[in-house]
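Novice: Sharing a structure here in structure tokens format.
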Amino acid sequence: MLDGIAERLDAVTRPFRDVLDLGCFDGAFSPPPGARVARADAGFAFARAVKGVQADEDRLPFADRSFDLVVSAGVLDQIDDLPGALTLIRRVLRPDGLFLGAFVGGGSLPRLRAALRQAEAERPVARLHPQVDVRSAGDLLMRAGFTLPVADVETLDVRYRDFGRLLGDLRGMAASNLLAERRPIGRTALASAANGFAAMADPDGRTAEQFSLVFLTGWGPDPSQPLPAKRGSATASLADALRVAKDE
């Protein structure tokens, strides 16, 4: 996710002075040269390790218009109030400031989900918290007041030989089940899920699991930004253009 954010940031030519790394974890994000960076994380130990601020993403303690760049990798899908968090991010951005975010989105972990459904066919239980798909993410950017919003998705395939390693990775990245009401999985169901996951392995004994990484890009409103054309202002007909292309 940080690699994807860095690629999108490299495509922006304007300078940034004040940066917020929201959900900083171990502080691996490298700010643009010369920029000051403030780091915040909901986890006390993570925030303390990087001399940052402990804060929930939907309860930001920063003043409005404090930053001209906010980045967030891997946390926005795990909070109670995502629309509220995006609105707060937009508020702490200066006019024409940039927000870049990424998280594990809808459509992720299809093989794990299938194995769990098969293992608990008689009494299915939510084992993963709800995930946001790319279309909904784009709508949320618009609702939060960002201009020039873009939501896109990249697919990451990871091959697992061991079912326990997958579960460990999910717990480590807080991508398992964060719902307030959840029921532990029994040993029998867990063993059945492990067998089902292994049954989907390739001939080399590894099962390819898929992560859909949703990337968000949005700008703080500013009068200097280009505006979309008004509805009905087009001077060319799409039908005519298609007709010409067909004739050629």
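Chain identifiers are assigned as A, B, and so on, following the order in which chains appear in the structure tokens; residues are numbered from 1 within each chain, and ligands are numbered from 1 in order of appearance.
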Please identify the alpha helix (DSSP H) residues within stretch 100-199 of chain A (assignment by DSSP from backbone atoms) and present them as JSON, numbers by chain.
Specialist: {"A": [110, 111, 112, 113, 114, 115, 116, 117, 118, 119, 134, 135, 136, 137, 138, 139, 140, 141, 142, 143, 163, 164, 165, 166, 167, 168, 169, 170, 171, 172, 187, 188, 189, 190, 191, 192, 193, 194, 195, 196, 197, 198, 199]}
Novice: Measuring atom to atom with only C-alpha atoms, identify which of A:Val37, A:Ala6, A:Met173, A:Ala180 is nearest to A:Asp68.
Specialist: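 Closest to A:Asp68 of all the choices is A:Val37.
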Novice: Considering only C-alpha atoms, give me a table of residues in stretch 114-202 of chain A that are at most 10 Å from stretch 99-108 of chain A, with the closest atom pair and distance in Å for each, as JSON lines.
Specialist:
{"residue": "A:Pro130", "atom": "CA", "partner": "A:Gly106", "partner_atom": "CA", "distance": 7.9}
{"residue": "A:Gln131", "atom": "CA", "partner": "A:Gly106", "partner_atom": "CA", "distance": 4.7}
{"residue": "A:Val132", "atom": "CA", "partner": "A:Gly106", "partner_atom": "CA", "distance": 5.0}
{"residue": "A:Asp133", "atom": "CA", "partner": "A:Gly106", "partner_atom": "CA", "distance": 4.3}
{"residue": "A:Val134", "atom": "CA", "partner": "A:Gly105", "partner_atom": "CA", "distance": 7.0}
{"residue": "A:Arg135", "atom": "CA", "partner": "A:Gly106", "partner_atom": "CA", "distance": 9.7}
{"residue": "A:Ser136", "atom": "CA", "partner": "A:Gly106", "partner_atom": "CA", "distance": 9.6}
{"residue": "A:Ala137", "atom": "CA", "partner": "A:Gly105", "partner_atom": "CA", "distance": 8.9}
{"residue": "A:Phe146", "atom": "CA", "partner": "A:Phe99", "partner_atom": "CA", "distance": 8.8}
{"residue": "A:Pro149", "atom": "CA", "partner": "A:Phe99", "partner_atom": "CA", "distance": 9.6}
{"residue": "A:Val150", "atom": "CA", "partner": "A:Leu100", "partner_atom": "CA", "distance": 9.8}
{"residue": "A:Ala151", "atom": "CA", "partner": "A:Gly101", "partner_atom": "CA", "distance": 9.4}
{"residue": "A:Asp152", "atom": "CA", "partner": "A:Ala102", "partner_atom": "CA", "distance": 9.6}
{"residue": "A:Val153", "atom": "CA", "partner": "A:Gly105", "partner_atom": "CA", "distance": 8.2}
{"residue": "A:Glu154", "atom": "CA", "partner": "A:Gly105", "partner_atom": "CA", "distance": 9.7}
{"residue": "A:Thr155", "atom": "CA", "partner": "A:Ser108", "partner_atom": "CA", "distance": 8.7}
{"residue": "A:Leu156", "atom": "CA", "partner": "A:Ser108", "partner_atom": "CA", "distance": 9.2}
{"residue": "A:Asp157", "atom": "CA", "partner": "A:Ser108", "partner_atom": "CA", "distance": 9.9}
{"residue": "A:Met173", "atom": "CA", "partner": "A:Val104", "partner_atom": "CA", "distance": 9.9}
{"residue": "A:Ala175", "atom": "CA", "partner": "A:Val104", "partner_atom": "CA", "distance": 7.9}
Novice: Using N, CA, C and O atoms, can you write the selected residues to a file as a PDB file, in the first residue's frame?
Specialist:
ATOM      1  N   PRO A 130     -16.852  -6.127   7.729  1.00  0.00           N
ATOM      2  CA  PRO A 130     -17.285  -5.666   6.394  1.00  0.00           C
ATOM      3  C   PRO A 130     -16.195  -4.877   5.686  1.00  0.00           C
ATOM      4  O   PRO A 130     -15.462  -4.107   6.304  1.00  0.00           O
ATOM      5  N   GLN A 131     -16.118  -5.068   4.373  1.00  0.00           N
ATOM      6  CA  GLN A 131     -15.096  -4.389   3.573  1.00  0.00           C
ATOM      7  C   GLN A 131     -15.758  -3.458   2.560  1.00  0.00           C
ATOM      8  O   GLN A 131     -16.840  -3.740   2.053  1.00  0.00           O
ATOM      9  N   VAL A 132     -15.087  -2.363   2.262  1.00  0.00           N
ATOM     10  CA  VAL A 132     -15.609  -1.327   1.376  1.00  0.00           C
ATOM     11  C   VAL A 132     -15.122  -1.578  -0.041  1.00  0.00           C
ATOM     12  O   VAL A 132     -13.916  -1.738  -0.270  1.00  0.00           O
ATOM     13  N   ASP A 133     -16.050  -1.617  -1.011  1.00  0.00           N
ATOM     14  CA  ASP A 133     -15.615  -1.824  -2.384  1.00  0.00           C
ATOM     15  C   ASP A 133     -15.221  -0.486  -3.011  1.00  0.00           C
ATOM     16  O   ASP A 133     -15.457   0.588  -2.455  1.00  0.00           O
ATOM     17  N   VAL A 134     -14.597  -0.547  -4.182  1.00  0.00           N
ATOM     18  CA  VAL A 134     -14.010   0.641  -4.787  1.00  0.00           C
ATOM     19  C   VAL A 134     -15.081   1.657  -5.176  1.00  0.00           C
ATOM     20  O   VAL A 134     -14.872   2.878  -5.047  1.00  0.00           O
ATOM     21  N   ARG A 135     -16.243   1.207  -5.625  1.00  0.00           N
ATOM     22  CA  ARG A 135     -17.294   2.151  -6.008  1.00  0.00           C
ATOM     23  C   ARG A 135     -17.811   2.918  -4.798  1.00  0.00           C
ATOM     24  O   ARG A 135     -17.980   4.140  -4.851  1.00  0.00           O
ATOM     25  N   SER A 136     -18.049   2.200  -3.704  1.00  0.00           N
ATOM     26  CA  SER A 136     -18.513   2.867  -2.485  1.00  0.00           C
ATOM     27  C   SER A 136     -17.457   3.827  -1.958  1.00  0.00           C
ATOM     28  O   SER A 136     -17.784   4.900  -1.439  1.00  0.00           O
ATOM     29  N   ALA A 137     -16.180   3.461  -2.088  1.00  0.00           N
ATOM     30  CA  ALA A 137     -15.105   4.332  -1.629  1.00  0.00           C
ATOM     31  C   ALA A 137     -15.110   5.649  -2.394  1.00  0.00           C
ATOM     32  O   ALA A 137     -14.929   6.729  -1.812  1.00  0.00           O
ATOM     33  N   PHE A 146     -14.384  16.054  -0.904  1.00  0.00           N
ATOM     34  CA  PHE A 146     -13.151  16.134  -1.687  1.00  0.00           C
ATOM     35  C   PHE A 146     -13.472  16.524  -3.129  1.00  0.00           C
ATOM     36  O   PHE A 146     -14.521  16.166  -3.668  1.00  0.00           O
ATOM     37  N   PRO A 149     -12.106  13.575  -6.968  1.00  0.00           N
ATOM     38  CA  PRO A 149     -11.928  12.294  -6.277  1.00  0.00           C
ATOM     39  C   PRO A 149     -11.665  11.150  -7.253  1.00  0.00           C
ATOM     40  O   PRO A 149     -12.258  11.079  -8.327  1.00  0.00           O
ATOM     41  N   VAL A 150     -10.777  10.266  -6.858  1.00  0.00           N
ATOM     42  CA  VAL A 150     -10.468   9.071  -7.646  1.00  0.00           C
ATOM     43  C   VAL A 150     -10.344   7.889  -6.692  1.00  0.00           C
ATOM     44  O   VAL A 150      -9.651   7.971  -5.671  1.00  0.00           O
ATOM     45  N   ALA A 151     -11.020   6.805  -7.019  1.00  0.00           N
ATOM     46  CA  ALA A 151     -10.874   5.547  -6.281  1.00  0.00           C
ATOM     47  C   ALA A 151     -10.540   4.453  -7.289  1.00  0.00           C
ATOM     48  O   ALA A 151     -11.254   4.288  -8.276  1.00  0.00           O
ATOM     49  N   ASP A 152      -9.460   3.751  -7.068  1.00  0.00           N
ATOM     50  CA  ASP A 152      -9.083   2.667  -7.964  1.00  0.00           C
ATOM     51  C   ASP A 152      -8.607   1.489  -7.134  1.00  0.00           C
ATOM     52  O   ASP A 152      -8.381   1.605  -5.927  1.00  0.00           O
ATOM     53  N   VAL A 153      -8.483   0.348  -7.771  1.00  0.00           N
ATOM     54  CA  VAL A 153      -8.165  -0.876  -7.048  1.00  0.00           C
ATOM     55  C   VAL A 153      -7.027  -1.611  -7.748  1.00  0.00           C
ATOM     56  O   VAL A 153      -6.940  -1.624  -8.980  1.00  0.00           O
ATOM     57  N   GLU A 154      -6.143  -2.184  -6.958  1.00  0.00           N
ATOM     58  CA  GLU A 154      -5.074  -3.043  -7.449  1.00  0.00           C
ATOM     59  C   GLU A 154      -5.171  -4.389  -6.742  1.00  0.00           C
ATOM     60  O   GLU A 154      -5.499  -4.440  -5.553  1.00  0.00           O
ATOM     61  N   THR A 155      -4.882  -5.443  -7.458  1.00  0.00           N
ATOM     62  CA  THR A 155      -4.992  -6.794  -6.913  1.00  0.00           C
ATOM     63  C   THR A 155      -3.614  -7.331  -6.550  1.00  0.00           C
ATOM     64  O   THR A 155      -2.678  -7.242  -7.344  1.00  0.00           O
ATOM     65  N   LEU A 156      -3.530  -7.869  -5.344  1.00  0.00           N
ATOM     66  CA  LEU A 156      -2.285  -8.471  -4.866  1.00  0.00           C
ATOM     67  C   LEU A 156      -2.543  -9.941  -4.562  1.00  0.00           C
ATOM     68  O   LEU A 156      -3.434 -10.272  -3.768  1.00  0.00           O
ATOM     69  N   ASP A 157      -1.796 -10.827  -5.196  1.00  0.00           N
ATOM     70  CA  ASP A 157      -1.918 -12.268  -4.962  1.00  0.00           C
ATOM     71  C   ASP A 157      -0.770 -12.734  -4.070  1.00  0.00           C
ATOM     72  O   ASP A 157       0.401 -12.445  -4.343  1.00  0.00           O
ATOM     73  N   MET A 173      -2.324  -7.600  10.666  1.00  0.00           N
ATOM     74  CA  MET A 173      -2.711  -6.380   9.959  1.00  0.00           C
ATOM     75  C   MET A 173      -4.127  -5.942  10.337  1.00  0.00           C
ATOM     76  O   MET A 173      -4.684  -5.040   9.695  1.00  0.00           O
ATOM     77  N   ALA A 175      -6.950  -7.356   9.963  1.00  0.00           N
ATOM     78  CA  ALA A 175      -7.864  -7.550   8.846  1.00  0.00           C
ATOM     79  C   ALA A 175      -8.748  -8.768   9.045  1.00  0.00           C
ATOM     80  O   ALA A 175      -9.327  -9.275   8.086  1.00  0.00           O
TER      81      ALA A 175
END
Novice: Using only C-alpha atoms, which of the listed residues (A:Ala28, A:Asp56, A:Met142, A:Arg17) sits closest to A:Leu2?
Specialist: A:Ala28
Novice: Work out how far atom CA of A:Gly34 is from atom CA of A:Leu213, in Å to one decimal.
Specialist: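 Atom CA of A:Gly34 lies 28.9 Å from atom CA of A:Leu213.
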Novice: Have a look at A:Leu141, A:Val92, A:Ile185, A:Ala73 and name the one nearest to A:Phe29; count only C-alpha atoms.
Specialist: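 For A:Phe29, the nearest of the candidates is A:Ala73.
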